[in-house]
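Listing of my_file31.cif, mmCIF, C-alpha atoms
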```cif
data_upload
loop_
_atom_site.group_PDB
_atom_site.id
_atom_site.type_symbol
_atom_site.label_atom_id
_atom_site.label_comp_id
_atom_site.auth_asym_id
_atom_site.auth_seq_id
_atom_site.Cartn_x
_atom_site.Cartn_y
_atom_site.Cartn_z
ATOM 1 C CA MET A 1 -17.312 -11.668 6.710
ATOM 2 C CA THR A 2 -14.585 -9.022 6.987
ATOM 3 C CA THR A 3 -14.279 -6.584 4.079
ATOM 4 C CA LEU A 4 -11.927 -3.762 3.179
ATOM 5 C CA SER A 5 -14.609 -1.350 4.397
ATOM 6 C CA ASP A 6 -14.077 -2.593 7.966
ATOM 7 C CA PHE A 7 -10.673 -0.886 8.169
ATOM 8 C CA SER A 8 -9.116 2.543 8.252
ATOM 9 C CA ALA A 9 -5.555 3.768 7.901
ATOM 10 C CA THR A 10 -3.612 7.000 8.215
ATOM 11 C CA THR A 11 -2.344 8.573 4.998
ATOM 12 C CA LEU A 12 1.249 9.756 4.565
ATOM 13 C CA THR A 13 -0.083 13.282 5.087
ATOM 14 C CA GLY A 14 -1.575 12.320 8.473
ATOM 15 C CA GLN A 15 -5.264 12.056 7.586
ATOM 16 C CA GLU A 16 -7.315 9.130 8.844
ATOM 17 C CA ARG A 17 -8.981 7.457 5.868
ATOM 18 C CA ASP A 18 -11.780 4.914 6.011
ATOM 19 C CA LEU A 19 -11.008 2.207 3.500
ATOM 20 C CA SER A 20 -14.737 2.124 2.798
ATOM 21 C CA ASP A 21 -13.864 5.071 0.523
ATOM 22 C CA TYR A 22 -12.687 2.381 -1.911
ATOM 23 C CA ALA A 23 -15.842 0.240 -1.767
ATOM 24 C CA GLY A 24 -16.978 -0.796 -5.222
ATOM 25 C CA LYS A 25 -13.426 -0.711 -6.586
ATOM 26 C CA VAL A 26 -10.886 -3.395 -7.300
ATOM 27 C CA VAL A 27 -8.090 -2.680 -4.822
ATOM 28 C CA LEU A 28 -4.457 -3.717 -5.065
ATOM 29 C CA VAL A 29 -2.896 -3.515 -1.588
ATOM 30 C CA VAL A 30 0.912 -3.491 -1.624
ATOM 31 C CA ASN A 31 3.542 -3.112 1.086
ATOM 32 C CA THR A 32 6.274 -0.782 -0.131
ATOM 33 C CA ALA A 33 9.873 0.088 0.720
ATOM 34 C CA SER A 34 12.061 2.841 -0.713
ATOM 35 C CA LYS A 35 15.442 1.186 -0.209
ATOM 36 C CA CYS A 36 14.703 -2.252 -1.658
ATOM 37 C CA GLY A 37 15.820 -3.860 -4.898
ATOM 38 C CA LEU A 38 12.117 -4.103 -5.742
ATOM 39 C CA THR A 39 11.502 -0.363 -5.274
ATOM 40 C CA PRO A 40 11.348 0.261 -9.053
ATOM 41 C CA GLN A 41 7.994 -1.545 -8.917
ATOM 42 C CA TYR A 42 6.580 1.854 -7.955
ATOM 43 C CA GLU A 43 6.839 2.750 -11.649
ATOM 44 C CA GLY A 44 4.753 -0.221 -12.765
ATOM 45 C CA LEU A 45 2.239 0.225 -9.962
ATOM 46 C CA GLU A 46 1.724 3.860 -10.941
ATOM 47 C CA ALA A 47 1.362 2.909 -14.629
ATOM 48 C CA LEU A 48 -1.226 0.258 -13.696
ATOM 49 C CA TYR A 49 -3.098 2.781 -11.564
ATOM 50 C CA GLN A 50 -3.097 5.404 -14.316
ATOM 51 C CA GLU A 51 -4.262 2.932 -16.943
ATOM 52 C CA PHE A 52 -7.149 1.456 -14.952
ATOM 53 C CA LYS A 53 -8.190 3.999 -12.311
ATOM 54 C CA ASP A 54 -11.087 5.226 -14.461
ATOM 55 C CA ASP A 55 -12.272 1.613 -14.676
ATOM 56 C CA GLY A 56 -12.387 1.269 -10.894
ATOM 57 C CA LEU A 57 -8.904 0.050 -9.922
ATOM 58 C CA VAL A 58 -7.062 1.632 -7.041
ATOM 59 C CA VAL A 59 -3.586 0.845 -5.721
ATOM 60 C CA LEU A 60 -3.032 1.376 -1.995
ATOM 61 C CA GLY A 61 0.583 1.618 -0.833
ATOM 62 C CA PHE A 62 1.518 0.697 2.736
ATOM 63 C CA PRO A 63 5.185 1.356 3.590
ATOM 64 C CA CYS A 64 6.720 -1.133 6.000
ATOM 65 C CA ASN A 65 10.168 -1.251 7.602
ATOM 66 C CA GLN A 66 10.002 -4.849 8.825
ATOM 67 C CA PHE A 67 11.712 -6.535 5.884
ATOM 68 C CA GLY A 68 15.416 -5.740 5.876
ATOM 69 C CA ALA A 69 14.825 -2.299 7.452
ATOM 70 C CA GLN A 70 14.363 -0.965 3.908
ATOM 71 C CA GLU A 71 11.823 1.741 4.766
ATOM 72 C CA PRO A 72 13.540 3.658 7.576
ATOM 73 C CA GLY A 73 12.412 7.237 6.999
ATOM 74 C CA PRO A 74 9.520 9.263 8.415
ATOM 75 C CA ASP A 75 6.255 9.614 6.481
ATOM 76 C CA ALA A 76 7.134 13.008 4.972
ATOM 77 C CA GLU A 77 10.343 11.550 3.541
ATOM 78 C CA LEU A 78 8.499 8.520 2.149
ATOM 79 C CA LEU A 79 5.954 10.754 0.439
ATOM 80 C CA GLU A 80 8.662 12.966 -1.052
ATOM 81 C CA PHE A 81 10.553 9.928 -2.346
ATOM 82 C CA ALA A 82 7.536 8.226 -3.937
ATOM 83 C CA THR A 83 6.213 11.378 -5.582
ATOM 84 C CA SER A 84 9.502 12.900 -6.735
ATOM 85 C CA LYS A 85 11.303 9.746 -7.895
ATOM 86 C CA TYR A 86 8.373 7.699 -9.243
ATOM 87 C CA ASP A 87 5.575 10.277 -9.684
ATOM 88 C CA VAL A 88 3.291 8.196 -7.474
ATOM 89 C CA THR A 89 -0.270 9.516 -7.338
ATOM 90 C CA PHE A 90 -2.044 6.443 -5.945
ATOM 91 C CA PRO A 91 -2.997 6.597 -2.256
ATOM 92 C CA MET A 92 -0.107 5.985 0.135
ATOM 93 C CA PHE A 93 -0.493 5.356 3.827
ATOM 94 C CA SER A 94 1.612 5.828 6.900
ATOM 95 C CA LYS A 95 4.173 3.170 7.692
ATOM 96 C CA VAL A 96 2.557 0.048 9.144
ATOM 97 C CA ALA A 97 3.583 -3.168 10.833
ATOM 98 C CA ILE A 98 2.786 -6.236 8.767
ATOM 99 C CA LYS A 99 4.022 -8.890 11.163
ATOM 100 C CA GLY A 100 4.199 -9.314 14.921
ATOM 101 C CA ASP A 101 1.915 -8.159 17.693
ATOM 102 C CA ALA A 102 1.556 -4.625 16.282
ATOM 103 C CA LYS A 103 0.370 -5.882 12.864
ATOM 104 C CA HIS A 104 -2.069 -3.485 11.208
ATOM 105 C CA PRO A 105 -5.595 -4.993 11.352
ATOM 106 C CA LEU A 106 -5.931 -4.842 7.544
ATOM 107 C CA TYR A 107 -2.807 -6.942 7.116
ATOM 108 C CA ALA A 108 -3.933 -9.321 9.857
ATOM 109 C CA ALA A 109 -7.124 -9.969 7.891
ATOM 110 C CA LEU A 110 -5.401 -10.228 4.502
ATOM 111 C CA GLN A 111 -2.792 -12.636 5.793
ATOM 112 C CA SER A 112 -5.297 -14.803 7.657
ATOM 113 C CA ALA A 113 -7.002 -15.370 4.306
ATOM 114 C CA SER A 114 -3.923 -16.034 2.181
ATOM 115 C CA GLY A 115 -0.740 -16.457 4.232
ATOM 116 C CA GLU A 116 2.052 -14.361 5.665
ATOM 117 C CA VAL A 117 3.824 -11.620 3.731
ATOM 118 C CA GLY A 118 7.413 -12.664 3.101
ATOM 119 C CA TRP A 119 9.001 -9.477 1.746
ATOM 120 C CA ASN A 120 8.468 -5.994 0.344
ATOM 121 C CA PHE A 121 6.082 -5.340 -2.543
ATOM 122 C CA GLU A 122 3.827 -8.325 -1.919
ATOM 123 C CA LYS A 123 0.370 -7.668 -3.282
ATOM 124 C CA PHE A 124 -3.183 -8.540 -2.348
ATOM 125 C CA LEU A 125 -5.923 -8.064 -4.940
ATOM 126 C CA VAL A 126 -9.261 -7.332 -3.309
ATOM 127 C CA GLY A 127 -12.279 -7.603 -5.596
ATOM 128 C CA LYS A 128 -14.965 -4.971 -5.680
ATOM 129 C CA ASP A 129 -17.388 -7.400 -4.102
#
```
Mind turning the file's structure into structure tokens?
Amino acid sequence: MTTLSDFSATTLTGQERDLSDYAGKVVLVVNTASKCGLTPQYEGLEALYQEFKDDGLVVLGFPCNQFGAQEPGPDAELLEFATSKYDVTFPMFSKVAIKGDAKHPLYAALQSASGEVGWNFEKFLVGKD
């Protein structure tokens, strides 16, 4: 069985991170976009993370530009936007593909289990087990 620990991703600051770092936590995986009508969800995601991070919840943000081209900037710009506008402190990763042949392996696994992502800010809740 595939688990979150089977994957890695590059952070917005360019570091490769094994997602096994989040083993034993409840993980909310969300595809983000900075120029979307749903972008204010960053505020709620950060509040959720702050409220429950000490209880083992982590939010993982994965920017994607495949839905309406609403995440066009480079990683440094995405990081600056999320941290300065919404005070995001939860882990954010480099822009990924969520559909098509270049789909990130994590999203391939998540979608094979529950269906295709249809737009920005769709969420997958991955239990600690």
Problem - Which residue of A:Ala69, A:Ala102, A:Val59, A:Leu110 approaches Phe90 (chain A) most closely, using only C-alpha atoms - result: A:Val59
Exercise for the section: Could you please determine the separation between CA of Gly118 (chain A) and CA of Leu60 (chain A) in Å, to one decimal place? Expected result: 18.2 Å
Practice task
Enter the distance from CA of Leu57 (chain A) to CA of Tyr86 (chain A), in Å, rounded to one decimal.
Solution key: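 Straight-line distance from CA of Leu57 (chain A) to CA of Tyr86 (chain A) works out to 18.9 Å.
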Could you write out as AutoDock Vina command-line options the box around region 117-123 of chain A (axis-aligned, all atoms listed in the file, 3 Å on each side), with centre and edge lengths in Å to one decimal?
```
--center_x 4.7 --center_y -9.0 --center_z 0.2 --size_x 14.6 --size_y 13.3 --size_z 13.0
```
Handout entry: Matched chain/residue IDs from the PyMOL selection byres ((chain A and resi 96) around 8), as number ranges by chain
Key = A: 62-65, 94-95, 97-98, 103-104
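Using all atoms listed in the file, the protein and nucleic acid residues lying no more than 12 Å from Gly115 (chain A), apart from those fewer than 6 places from it along its own chain, are A:Ile98, A:Lys99, A:Tyr107, A:Ala108, A:Ala109, A:Glu122, A:Lys123, A:Phe124.
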Practice task
With a distance cut-off of 10 Å and only C-alpha atoms, select the neighbouring residues of Gly14 (chain A), excluding the residue or stretch itself and same-chain residues fewer than 4 positions from it, and output the selection as a PyMOL selection string.
Solution key: chain A and resi 9-10+75-76+93-94
Practice task
To one decimal in Å, tell me the separation between CA of Phe7 (chain A) and CA of Tyr49 (chain A).
Solution key: 21.5 Å
Practice task
Quick one: everything within 12 Å of Val58 (chain A), counting all atoms listed in the file, minus sequence neighbours fewer than 5 positions away in the same chain. Send it as a ChimeraX atom specification.
Solution key: /A:19,21-30,45-53,89-92,124-128
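Nearest residue to Thr83 (chain A) among A:Glu16, A:Glu43, A:Asp129, A:Asp6 is A:Glu43, counting only C-alpha atoms.
Among the candidates A:Asp18, A:Glu71, A:Asp55, A:Asp101, the one nearest to Leu4 (chain A) when counting all atoms listed in the file is A:Asp18.
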Problem - Counting all atoms listed in the file, the option among A:Val88, A:Ala33, A:Ala82, A:Met1 closest to Ala113 (chain A) - result: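 When distances to Ala113 (chain A) are compared using all atoms listed in the file, the smallest one comes from A:Met1.
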Practice task
Give as number ranges by chain the residues that the PyMOL selection byres ((chain A and resi 35) around 12) matches when applied to the coordinates above.
Solution key: A: 32-34, 36-42, 63-65, 67-73, 78, 81-82, 120-121
Problem - Using only C-alpha atoms: which of A:Ser20, A:Ser112, A:Gln15, A:Asn31 has the shortest distance to Gly61 (chain A) - result: A:Asn31
